[in-house]
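For reference, run.csv is printed below; it contains CSV, C-alpha atoms and all ligand atoms.
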```
chain,number,residue,atom,x,y,z
A,435,MET,CA,9.6,-12.7,50.3
A,436,ILE,CA,6.5,-12.0,52.4
A,437,TYR,CA,6.7,-8.9,54.6
A,438,ALA,CA,4.0,-8.9,57.3
A,439,GLY,CA,3.6,-6.0,59.8
A,440,ASN,CA,1.7,-6.7,63.0
A,441,PHE,CA,0.7,-3.4,64.7
A,442,LYS,CA,-0.7,-5.2,67.8
A,443,THR,CA,-2.3,-2.6,70.1
A,444,ASN,CA,-0.5,0.3,68.4
A,445,HIS,CA,-1.6,3.1,66.0
A,446,THR,CA,-4.9,4.9,65.8
A,447,ARG,CA,-7.4,4.9,63.0
A,448,ALA,CA,-5.9,8.2,61.7
A,449,SER,CA,-2.2,7.1,62.0
A,450,THR,CA,-3.0,3.8,60.4
A,451,ALA,CA,-4.6,5.5,57.4
A,452,SER,CA,-1.6,7.8,56.8
A,453,TYR,CA,0.8,4.9,57.3
A,454,ILE,CA,-1.0,2.7,54.8
A,455,LEU,CA,-1.2,5.5,52.2
A,456,ALA,CA,2.5,6.3,52.6
A,457,LEU,CA,3.4,2.6,52.4
A,458,ASN,CA,1.3,2.2,49.3
A,459,SER,CA,2.8,5.1,47.4
A,460,ALA,CA,6.3,4.0,48.4
A,461,ILE,CA,5.9,0.4,47.1
A,462,GLU,CA,3.4,0.8,44.3
A,463,GLY,CA,4.6,-0.6,41.0
A,464,LYS,CA,8.0,-1.5,42.5
A,465,LYS,CA,7.7,-4.6,44.6
A,466,LYS,CA,7.4,-8.1,43.6
A,467,ASP,CA,7.3,-9.0,47.3
A,468,ARG,CA,4.1,-9.7,49.1
A,469,VAL,CA,3.2,-7.1,51.8
A,470,VAL,CA,0.5,-7.6,54.5
A,471,ILE,CA,-0.4,-5.2,57.3
A,472,PHE,CA,-2.4,-6.2,60.4
A,473,PRO,CA,-3.7,-3.0,62.0
A,474,PRO,CA,-5.7,-2.8,65.2
A,475,ILE,CA,-9.4,-3.6,64.7
A,476,SER,CA,-10.6,0.0,65.1
A,477,ALA,CA,-8.5,1.0,62.1
A,478,LEU,CA,-9.9,-1.5,59.6
A,479,ASP,CA,-11.2,0.1,56.5
A,480,SER,CA,-11.5,-0.3,52.8
A,481,PHE,CA,-8.2,1.1,51.3
A,482,ASP,CA,-7.5,1.5,47.7
A,483,ILE,CA,-4.0,-0.1,47.9
A,484,SER,CA,-1.8,-2.8,46.2
A,485,PHE,CA,-1.1,-4.8,49.3
A,486,THR,CA,-3.2,-6.8,51.8
A,487,ILE,CA,-4.8,-5.8,55.0
A,488,GLY,CA,-5.5,-8.6,57.5
A,489,VAL,CA,-7.0,-8.8,60.9
A,490,GLN,CA,-5.1,-9.7,64.1
A,491,ASN,CA,-7.9,-11.7,65.6
A,492,ALA,CA,-11.6,-12.3,65.2
A,493,TYR,CA,-14.2,-14.6,66.8
A,494,PRO,CA,-15.3,-17.7,64.9
A,495,THR,CA,-18.8,-16.4,64.2
A,496,GLN,CA,-20.7,-14.5,61.6
A,497,LYS,CA,-22.2,-12.2,64.2
A,498,GLY,CA,-23.8,-12.7,67.6
A,499,ALA,CA,-23.5,-12.2,71.4
A,500,PHE,CA,-19.7,-12.2,71.9
A,501,THR,CA,-19.0,-9.1,73.8
A,502,GLY,CA,-15.8,-7.3,72.8
A,503,GLU,CA,-15.2,-9.5,69.7
A,504,ILE,CA,-15.8,-9.1,66.0
A,505,GLY,CA,-17.0,-11.6,63.5
A,506,VAL,CA,-17.2,-12.1,59.8
A,507,GLU,CA,-20.0,-9.6,59.3
A,508,GLN,CA,-17.6,-6.9,60.5
A,509,LEU,CA,-14.8,-8.1,58.4
A,510,ASP,CA,-16.9,-8.4,55.3
A,511,GLU,CA,-17.7,-4.7,55.5
A,512,PHE,CA,-14.0,-4.0,54.6
A,513,GLY,CA,-13.4,-7.1,52.4
A,514,ILE,CA,-10.9,-8.6,55.0
A,515,LYS,CA,-10.0,-12.2,54.0
A,516,THR,CA,-6.7,-12.6,55.8
A,517,ILE,CA,-6.4,-13.4,59.5
A,518,LEU,CA,-3.6,-14.1,62.1
A,519,ILE,CA,-4.3,-17.1,64.2
A,520,GLY,CA,-2.3,-18.5,67.2
A,521,HIS,CA,-0.1,-15.5,67.9
A,522,SER,CA,1.7,-16.2,71.2
A,523,GLU,CA,0.3,-13.0,72.8
A,524,ARG,CA,-3.2,-14.4,72.3
A,525,ARG,CA,-2.1,-17.9,73.5
A,526,GLU,CA,-0.2,-16.6,76.5
A,527,ILE,CA,-1.9,-13.4,77.6
A,528,LEU,CA,-5.4,-14.0,76.4
A,529,LYS,CA,-5.2,-17.7,77.3
A,530,GLU,CA,-6.3,-19.0,74.0
A,531,THR,CA,-6.1,-22.8,74.1
A,532,GLN,CA,-5.1,-25.0,71.3
A,533,ASP,CA,-8.7,-26.1,71.1
A,534,LYS,CA,-9.9,-22.5,70.6
A,535,VAL,CA,-7.1,-21.8,68.1
A,536,VAL,CA,-8.2,-24.9,66.1
A,537,GLU,CA,-11.8,-23.8,66.3
A,538,LYS,CA,-10.9,-20.4,64.8
A,539,PHE,CA,-8.7,-22.1,62.2
A,540,ASN,CA,-11.4,-24.4,61.0
A,541,PHE,CA,-14.0,-21.7,61.0
A,542,PHE,CA,-12.0,-19.2,58.9
A,543,LYS,CA,-10.7,-22.0,56.7
A,544,SER,CA,-14.2,-23.0,55.9
A,545,LEU,CA,-14.7,-19.4,54.6
A,546,GLY,CA,-11.6,-19.5,52.5
A,547,PHE,CA,-9.6,-17.0,54.6
A,548,GLU,CA,-5.9,-16.8,54.1
A,549,ILE,CA,-4.5,-17.8,57.5
A,550,PHE,CA,-1.2,-16.7,59.0
A,551,TYR,CA,-0.8,-19.4,61.7
A,552,CYS,CA,1.7,-18.6,64.4
A,553,ILE,CA,3.7,-21.0,66.5
A,554,GLY,CA,6.7,-20.6,68.8
A,555,GLU,CA,8.2,-21.9,72.0
A,556,PRO,CA,8.7,-20.1,75.3
A,557,LEU,CA,12.1,-19.7,76.8
A,558,SER,CA,11.5,-22.6,79.3
A,559,VAL,CA,11.1,-25.0,76.4
A,560,ARG,CA,14.1,-23.6,74.5
A,561,GLU,CA,16.3,-24.1,77.6
A,562,MET,CA,15.4,-27.8,77.5
A,563,GLY,CA,17.1,-28.1,74.1
A,564,GLU,CA,16.2,-28.3,70.5
A,565,GLY,CA,14.6,-31.7,70.6
A,566,LYS,CA,12.0,-30.4,73.0
A,567,VAL,CA,11.5,-27.2,70.9
A,568,LYS,CA,10.7,-29.4,67.9
A,569,GLU,CA,8.3,-31.5,69.9
A,570,TYR,CA,6.6,-28.4,71.2
A,571,LEU,CA,6.3,-26.8,67.8
A,572,LEU,CA,4.8,-29.9,66.3
A,573,SER,CA,2.2,-30.0,69.1
A,574,GLN,CA,1.0,-26.5,68.1
A,575,PHE,CA,-0.2,-28.1,64.8
A,576,ASP,CA,-2.5,-30.5,66.6
A,577,GLY,CA,-5.9,-30.3,65.0
A,578,ILE,CA,-4.6,-27.9,62.2
A,579,ASP,CA,-5.0,-28.8,58.6
A,580,ILE,CA,-1.4,-28.3,57.4
A,581,ALA,CA,-2.5,-29.0,53.8
A,582,TYR,CA,-4.8,-26.0,53.7
A,583,ASP,CA,-3.9,-24.1,50.5
A,584,LYS,CA,-4.2,-20.7,52.1
A,585,LEU,CA,-2.0,-21.4,55.0
A,586,ILE,CA,1.1,-19.4,55.8
A,587,VAL,CA,3.1,-20.4,58.9
A,588,ALA,CA,5.0,-18.0,61.1
A,589,TYR,CA,7.7,-19.3,63.5
A,590,GLU,CA,8.1,-16.9,66.3
A,591,PRO,CA,10.1,-18.0,69.4
A,592,ILE,CA,8.3,-16.2,72.3
A,593,TRP,CA,11.6,-15.2,73.9
A,594,ALA,CA,12.5,-13.3,70.8
A,595,ILE,CA,9.3,-11.3,70.4
A,596,GLY,CA,9.6,-7.6,71.4
A,597,THR,CA,12.9,-8.3,73.2
A,598,GLY,CA,15.3,-7.0,70.7
A,599,ARG,CA,16.9,-10.4,70.8
A,600,SER,CA,16.2,-12.3,67.6
A,601,ALA,CA,17.0,-16.0,67.4
A,602,SER,CA,20.4,-16.8,66.0
A,603,VAL,CA,20.8,-17.5,62.3
A,604,GLU,CA,21.7,-21.1,63.2
A,605,ASP,CA,18.6,-21.6,65.4
A,606,ILE,CA,16.4,-20.1,62.7
A,607,ARG,CA,17.9,-22.2,59.9
A,608,SER,CA,17.7,-25.4,61.9
A,609,ILE,CA,14.0,-24.9,63.0
A,610,HIS,CA,12.9,-23.7,59.6
A,611,GLN,CA,14.5,-26.8,58.0
A,612,PHE,CA,12.8,-29.0,60.5
A,613,LEU,CA,9.4,-27.3,60.0
A,614,LYS,CA,9.8,-27.4,56.2
A,615,SER,CA,10.4,-31.1,56.3
A,616,HIS,CA,6.9,-31.5,57.9
A,617,ILE,CA,4.9,-28.7,56.4
A,618,ASP,CA,5.1,-27.6,52.8
A,619,LYS,CA,3.9,-24.0,53.2
A,620,PRO,CA,5.4,-20.6,53.1
A,621,LEU,CA,7.3,-20.2,56.4
A,622,LEU,CA,7.9,-16.8,58.0
A,623,TYR,CA,10.3,-16.0,60.9
A,624,GLY,CA,9.2,-13.5,63.5
A,625,GLY,CA,10.8,-12.1,66.7
A,626,SER,CA,12.8,-8.8,66.8
A,627,VAL,CA,13.3,-8.6,63.0
A,628,ASN,CA,14.6,-5.1,62.1
A,629,PRO,CA,16.4,-3.3,59.3
A,630,SER,CA,19.8,-4.4,60.7
A,631,ASN,CA,19.2,-8.1,60.9
A,632,ILE,CA,16.8,-8.6,57.9
A,633,GLY,CA,19.8,-9.1,55.6
A,634,GLU,CA,21.0,-12.2,57.3
A,635,ILE,CA,17.6,-13.5,58.4
A,636,GLY,CA,16.0,-13.0,55.0
A,637,SER,CA,18.8,-14.9,53.3
A,638,ILE,CA,18.5,-18.1,55.4
A,639,ASP,CA,17.3,-21.1,53.4
A,640,GLY,CA,13.7,-21.9,54.4
A,641,VAL,CA,12.8,-18.3,55.4
A,642,ASP,CA,10.1,-17.2,53.0
A,643,GLY,CA,9.3,-14.0,54.8
A,644,VAL,CA,9.1,-12.2,58.1
A,645,LEU,CA,6.4,-11.2,60.6
A,646,VAL,CA,7.4,-7.9,62.1
A,647,GLY,CA,6.1,-6.1,65.2
A,648,SER,CA,8.1,-3.2,66.6
A,649,ALA,CA,10.1,-2.5,63.5
A,650,SER,CA,6.9,-2.3,61.4
A,651,LEU,CA,5.3,0.5,63.5
A,652,LYS,CA,7.1,3.4,61.7
A,653,VAL,CA,6.6,3.3,58.0
A,654,GLU,CA,10.2,4.5,57.4
A,655,SER,CA,11.5,1.6,59.4
A,656,PHE,CA,9.3,-1.0,57.6
A,657,LEU,CA,10.3,0.4,54.2
A,658,GLU,CA,14.0,0.4,55.2
A,659,LEU,CA,13.6,-3.2,56.3
A,660,MET,CA,12.1,-4.2,53.0
A,661,GLY,CA,14.8,-2.2,51.1
A,662,SER,CA,17.7,-3.7,53.1
A,663,ARG,CA,16.7,-7.2,52.0
A,664,ASP,CA,17.0,-6.2,48.4
A,665,GLU,CA,20.4,-4.8,48.6
A,701,LIG,P1,8.5,-8.0,67.3
A,701,LIG,O1,7.1,-8.8,67.2
A,701,LIG,O2,9.0,-7.8,65.9
A,701,LIG,O3,8.2,-6.7,68.0
A,701,LIG,O4,9.4,-8.9,68.0
A,701,LIG,C1,6.9,-9.8,66.3
A,701,LIG,C2,5.5,-10.4,66.5
A,701,LIG,O5,5.0,-10.6,67.6
A,701,LIG,O6,4.9,-10.7,65.4
```
Whole structure given in structure tokens:
Amino acid sequence: MIYAGNFKTNHTRASTASYILALNSAIEGKKKDRVVIFPPISALDSFDISFTIGVQNAYPTQKGAFTGEIGVEQLDEFGIKTILIGHSERREILKETQDKVVEKFNFFKSLGFEIFYCIGEPLSVREMGEGKVKEYLLSQFDGIDIAYDKLIVAYEPIWAIGTGRSASVEDIRSIHQFLKSHIDKPLLYGGSVNPSNIGEIGSIDGVDGVLVGSASLKVESFLELMGSRDE
């Protein structure tokens, strides 16, 4: 299983550092699972740990005049080689188009970054039925090299993100099966995953891991989530 925690715009530099050290000492030597944490950009640092730190976003540039953004030069300072691309909050709130997402994908792919690529439908599409959901999800791969060897896909229905309402086991199974028939890559589910539902979500065929927002913010909760899956 892959357990990825996305802090979004939560945690400070100080609280991230203590979280990461606590997480590291709790899982060191014990876990065969893969763990990745995406802290806010201001908290990036070089940590002596056994899991991966990724960046939630970056601009497709080495450096330059892109006010408010960071590029590869800033990531290299901390040895960051993992990035989240296509998260629905960037697509919806920050208005990142598929073209921009593709530009980022190609740029970071050319540098050999591991890419967690997020897709997911809004409620309006879900309400049109599963056929439309599938069509919509496939369109989010337009321009994306699905054969890229360092690609990990995360399916996150937008209506399930941060709402406390995860998709049903049946919905997840069906969409994951569908995606797996098109894309032969690790496939995570995201959207209100928590310590209580990880048992059933984690055991669905075709779920290779989870991308967790809210329930990753407290280290105790993230550890409980990882532990509950093992039981
Ligand atoms: P959530 O967020 O776990 O708070 O629903 C998931 C995500 O956006 O990756």
Env of Gly439 (chain A): 12 Å cut, atoms = all atoms listed in the file, seq-sep filter 2 positions within chain, self excluded. Answer as number ranges by chain.
A: 436-437, 441-442, 444, 450, 453-454, 457, 468-474, 485-490, 518, 550, 622, 624-628, 643-653, 655-657, 659-660
Report as a list in words all protein, DNA and RNA residues lying within 10 Å of Asp639 (chain A), evaluated on all atoms listed in the file, omitting residues in the same chain fewer than 5 positions from it.
Ile606, Arg607, Ser608, His610 and Gln611 of chain A
So how far away is CA of Val536 (chain A) from CA of Ile617 (chain A), in Å?
16.7 Å
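Surrounding residues of (-7.8, -16.1, 72.7) at most 12 Å away are Gln490, Asn491, Ala492, Tyr493, Pro494, Gly502, Glu503, Leu518, Ile519, Gly520, His521, Ser522, Glu523, Arg524, Arg525, Glu526, Ile527, Leu528, Lys529, Glu530, Thr531, Gln532, Asp533, Lys534, Val535, Val536, Glu537 and Lys538 of chain A (based on all atoms listed in the file).
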Excluding Gly636 (chain A) and its own-chain neighbours fewer than 5 positions away, which residues fall within 9 Å of it when counting all atoms listed in the file? Please give them as a count of residues only.
8
Separation of CA of Asp479 (chain A) from CA of His445 (chain A) in Å
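Distance between the two atoms: 13.8 Å.
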Out of A:Ile504, A:Leu621, A:Ala448, A:Ile592, which residue has the shortest atom-to-atom distance to ligand LIG 701 (chain A) when counting only C-alpha atoms and all ligand atoms?
A:Ile592
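Atom to atom, atom O6 of ligand LIG 701 (chain A) and CA of Glu555 (chain A) stand 13.4 Å apart.
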Between A:Ile635, A:Gly661, A:Ile578, A:Leu557, which has the minimum distance to Thr597 (chain A) (counting all atoms listed in the file)?
A:Leu557
Could you list, as a list in words, every residue within 8 Å of region 571-573 of chain A, counting all atoms listed in the file and ignoring same-chain residues fewer than 4 positions away?
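Residues near the query, excluding close chain neighbours: Ile553, Gly554, Glu555 and Val567 of chain A.
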For a cut-off of 6 Å around (-7.0, 1.2, 65.5), file coordinates, pick out all residues using only C-alpha atoms and list them as a list of chain:residue names.
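Every polymer residue passing the test: A:His445, A:Thr446, A:Arg447, A:Pro474, A:Ile475, A:Ser476, A:Ala477.
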Using all atoms listed in the file, which residue out of A:Gln574, A:Asn540, A:Ser600, A:Ser452 lies closest to ligand LIG 701 (chain A)?
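Between A:Gln574, A:Asn540, A:Ser600, A:Ser452, the residue approaching ligand LIG 701 (chain A) most closely is A:Ser600.
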Check the smallest atom-to-atom distance from each of A:Leu585, A:Ala594, A:Val603, A:Ile609 to Gly565 (chain A) using all atoms listed in the file, then report the winner.
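Under the stated criterion, the closest residue is A:Ile609.
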Which one of A:Pro629, A:Tyr570, A:Lys464, A:Phe541 sits closest to Tyr589 (chain A) if you count all atoms listed in the file?
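Counting all atoms listed in the file, the residue closest to Tyr589 (chain A) is A:Tyr570.
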From the options A:Glu654, A:Arg599, A:Asp467, A:Gly633, which residue's atoms come nearest to ligand LIG 701 (chain A), counting all atoms listed in the file?
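The answer is A:Arg599, which sits nearest to ligand LIG 701 (chain A).
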Using the atoms already present, construct all heavy atoms for region 447-458 of chain A and hand them back as an mmCIF file, in the coordinates of the input.
```cif
data_model
loop_
_atom_site.group_PDB
_atom_site.id
_atom_site.type_symbol
_atom_site.label_atom_id
_atom_site.label_comp_id
_atom_site.auth_asym_id
_atom_site.auth_seq_id
_atom_site.Cartn_x
_atom_site.Cartn_y
_atom_site.Cartn_z
ATOM 1 N N ARG A 447 -6.773 4.946 64.286
ATOM 2 C CA ARG A 447 -7.400 4.900 63.000
ATOM 3 C C ARG A 447 -6.734 5.885 62.014
ATOM 4 O O ARG A 447 -6.412 5.569 60.870
ATOM 5 C CB ARG A 447 -8.888 5.194 63.139
ATOM 6 C CG ARG A 447 -9.711 5.048 61.913
ATOM 7 C CD ARG A 447 -11.197 5.150 62.264
ATOM 8 N NE ARG A 447 -11.972 5.035 61.056
ATOM 9 C CZ ARG A 447 -12.211 3.883 60.443
ATOM 10 N NH1 ARG A 447 -11.757 2.757 60.938
ATOM 11 N NH2 ARG A 447 -12.905 3.856 59.331
ATOM 12 N N ALA A 448 -6.485 7.099 62.546
ATOM 13 C CA ALA A 448 -5.900 8.200 61.700
ATOM 14 C C ALA A 448 -4.443 7.818 61.341
ATOM 15 O O ALA A 448 -4.043 7.934 60.179
ATOM 16 C CB ALA A 448 -5.950 9.496 62.449
ATOM 17 N N SER A 449 -3.663 7.386 62.322
ATOM 18 C CA SER A 449 -2.200 7.100 62.000
ATOM 19 C C SER A 449 -2.096 5.888 61.126
ATOM 20 O O SER A 449 -1.177 5.814 60.308
ATOM 21 C CB SER A 449 -1.407 7.019 63.279
ATOM 22 O OG SER A 449 -1.717 5.860 64.012
ATOM 23 N N THR A 450 -3.015 4.942 61.272
ATOM 24 C CA THR A 450 -3.000 3.800 60.400
ATOM 25 C C THR A 450 -3.243 4.184 58.946
ATOM 26 O O THR A 450 -2.557 3.753 58.017
ATOM 27 C CB THR A 450 -4.022 2.706 60.822
ATOM 28 O OG1 THR A 450 -3.698 2.264 62.138
ATOM 29 C CG2 THR A 450 -4.037 1.513 59.880
ATOM 30 N N ALA A 451 -4.240 5.042 58.782
ATOM 31 C CA ALA A 451 -4.600 5.500 57.400
ATOM 32 C C ALA A 451 -3.420 6.187 56.766
ATOM 33 O O ALA A 451 -3.089 5.907 55.602
ATOM 34 C CB ALA A 451 -5.828 6.374 57.476
ATOM 35 N N SER A 452 -2.733 7.064 57.498
ATOM 36 C CA SER A 452 -1.600 7.800 56.800
ATOM 37 C C SER A 452 -0.453 6.819 56.585
ATOM 38 O O SER A 452 0.220 6.908 55.560
ATOM 39 C CB SER A 452 -1.213 9.046 57.542
ATOM 40 O OG SER A 452 -1.151 8.849 58.905
ATOM 41 N N TYR A 453 -0.230 5.891 57.490
ATOM 42 C CA TYR A 453 0.800 4.900 57.300
ATOM 43 C C TYR A 453 0.537 4.083 56.010
ATOM 44 O O TYR A 453 1.415 3.901 55.162
ATOM 45 C CB TYR A 453 0.800 3.925 58.502
ATOM 46 C CG TYR A 453 1.821 2.811 58.500
ATOM 47 C CD1 TYR A 453 2.878 2.809 59.408
ATOM 48 C CD2 TYR A 453 1.714 1.738 57.620
ATOM 49 C CE1 TYR A 453 3.805 1.774 59.431
ATOM 50 C CE2 TYR A 453 2.633 0.700 57.630
ATOM 51 C CZ TYR A 453 3.670 0.717 58.538
ATOM 52 O OH TYR A 453 4.579 -0.303 58.563
ATOM 53 N N ILE A 454 -0.706 3.609 55.877
ATOM 54 C CA ILE A 454 -1.000 2.700 54.800
ATOM 55 C C ILE A 454 -0.926 3.475 53.421
ATOM 56 O O ILE A 454 -0.419 2.931 52.436
ATOM 57 C CB ILE A 454 -2.452 2.128 54.993
ATOM 58 C CG1 ILE A 454 -2.280 0.994 56.013
ATOM 59 C CG2 ILE A 454 -3.108 1.623 53.710
ATOM 60 C CD1 ILE A 454 -3.540 0.386 56.524
ATOM 61 N N LEU A 455 -1.321 4.729 53.419
ATOM 62 C CA LEU A 455 -1.200 5.500 52.200
ATOM 63 C C LEU A 455 0.287 5.742 51.849
ATOM 64 O O LEU A 455 0.705 5.615 50.699
ATOM 65 C CB LEU A 455 -1.955 6.812 52.274
ATOM 66 C CG LEU A 455 -3.480 6.625 52.358
ATOM 67 C CD1 LEU A 455 -4.197 7.959 52.421
ATOM 68 C CD2 LEU A 455 -4.003 5.771 51.187
ATOM 69 N N ALA A 456 1.072 6.037 52.870
ATOM 70 C CA ALA A 456 2.500 6.300 52.600
ATOM 71 C C ALA A 456 3.187 4.995 52.160
ATOM 72 O O ALA A 456 3.999 5.014 51.224
ATOM 73 C CB ALA A 456 3.174 6.761 53.941
ATOM 74 N N LEU A 457 2.849 3.885 52.778
ATOM 75 C CA LEU A 457 3.400 2.600 52.400
ATOM 76 C C LEU A 457 3.047 2.278 50.941
ATOM 77 O O LEU A 457 3.881 1.876 50.126
ATOM 78 C CB LEU A 457 2.955 1.499 53.334
ATOM 79 C CG LEU A 457 3.467 0.089 53.068
ATOM 80 C CD1 LEU A 457 4.995 0.035 53.152
ATOM 81 C CD2 LEU A 457 2.878 -0.911 54.076
ATOM 82 N N ASN A 458 1.782 2.485 50.637
ATOM 83 C CA ASN A 458 1.300 2.200 49.300
ATOM 84 C C ASN A 458 2.024 2.997 48.230
ATOM 85 O O ASN A 458 2.466 2.460 47.221
ATOM 86 C CB ASN A 458 -0.204 2.366 49.201
ATOM 87 C CG ASN A 458 -0.763 1.750 47.948
ATOM 88 O OD1 ASN A 458 -0.559 0.573 47.687
ATOM 89 N ND2 ASN A 458 -1.438 2.546 47.140
#
```
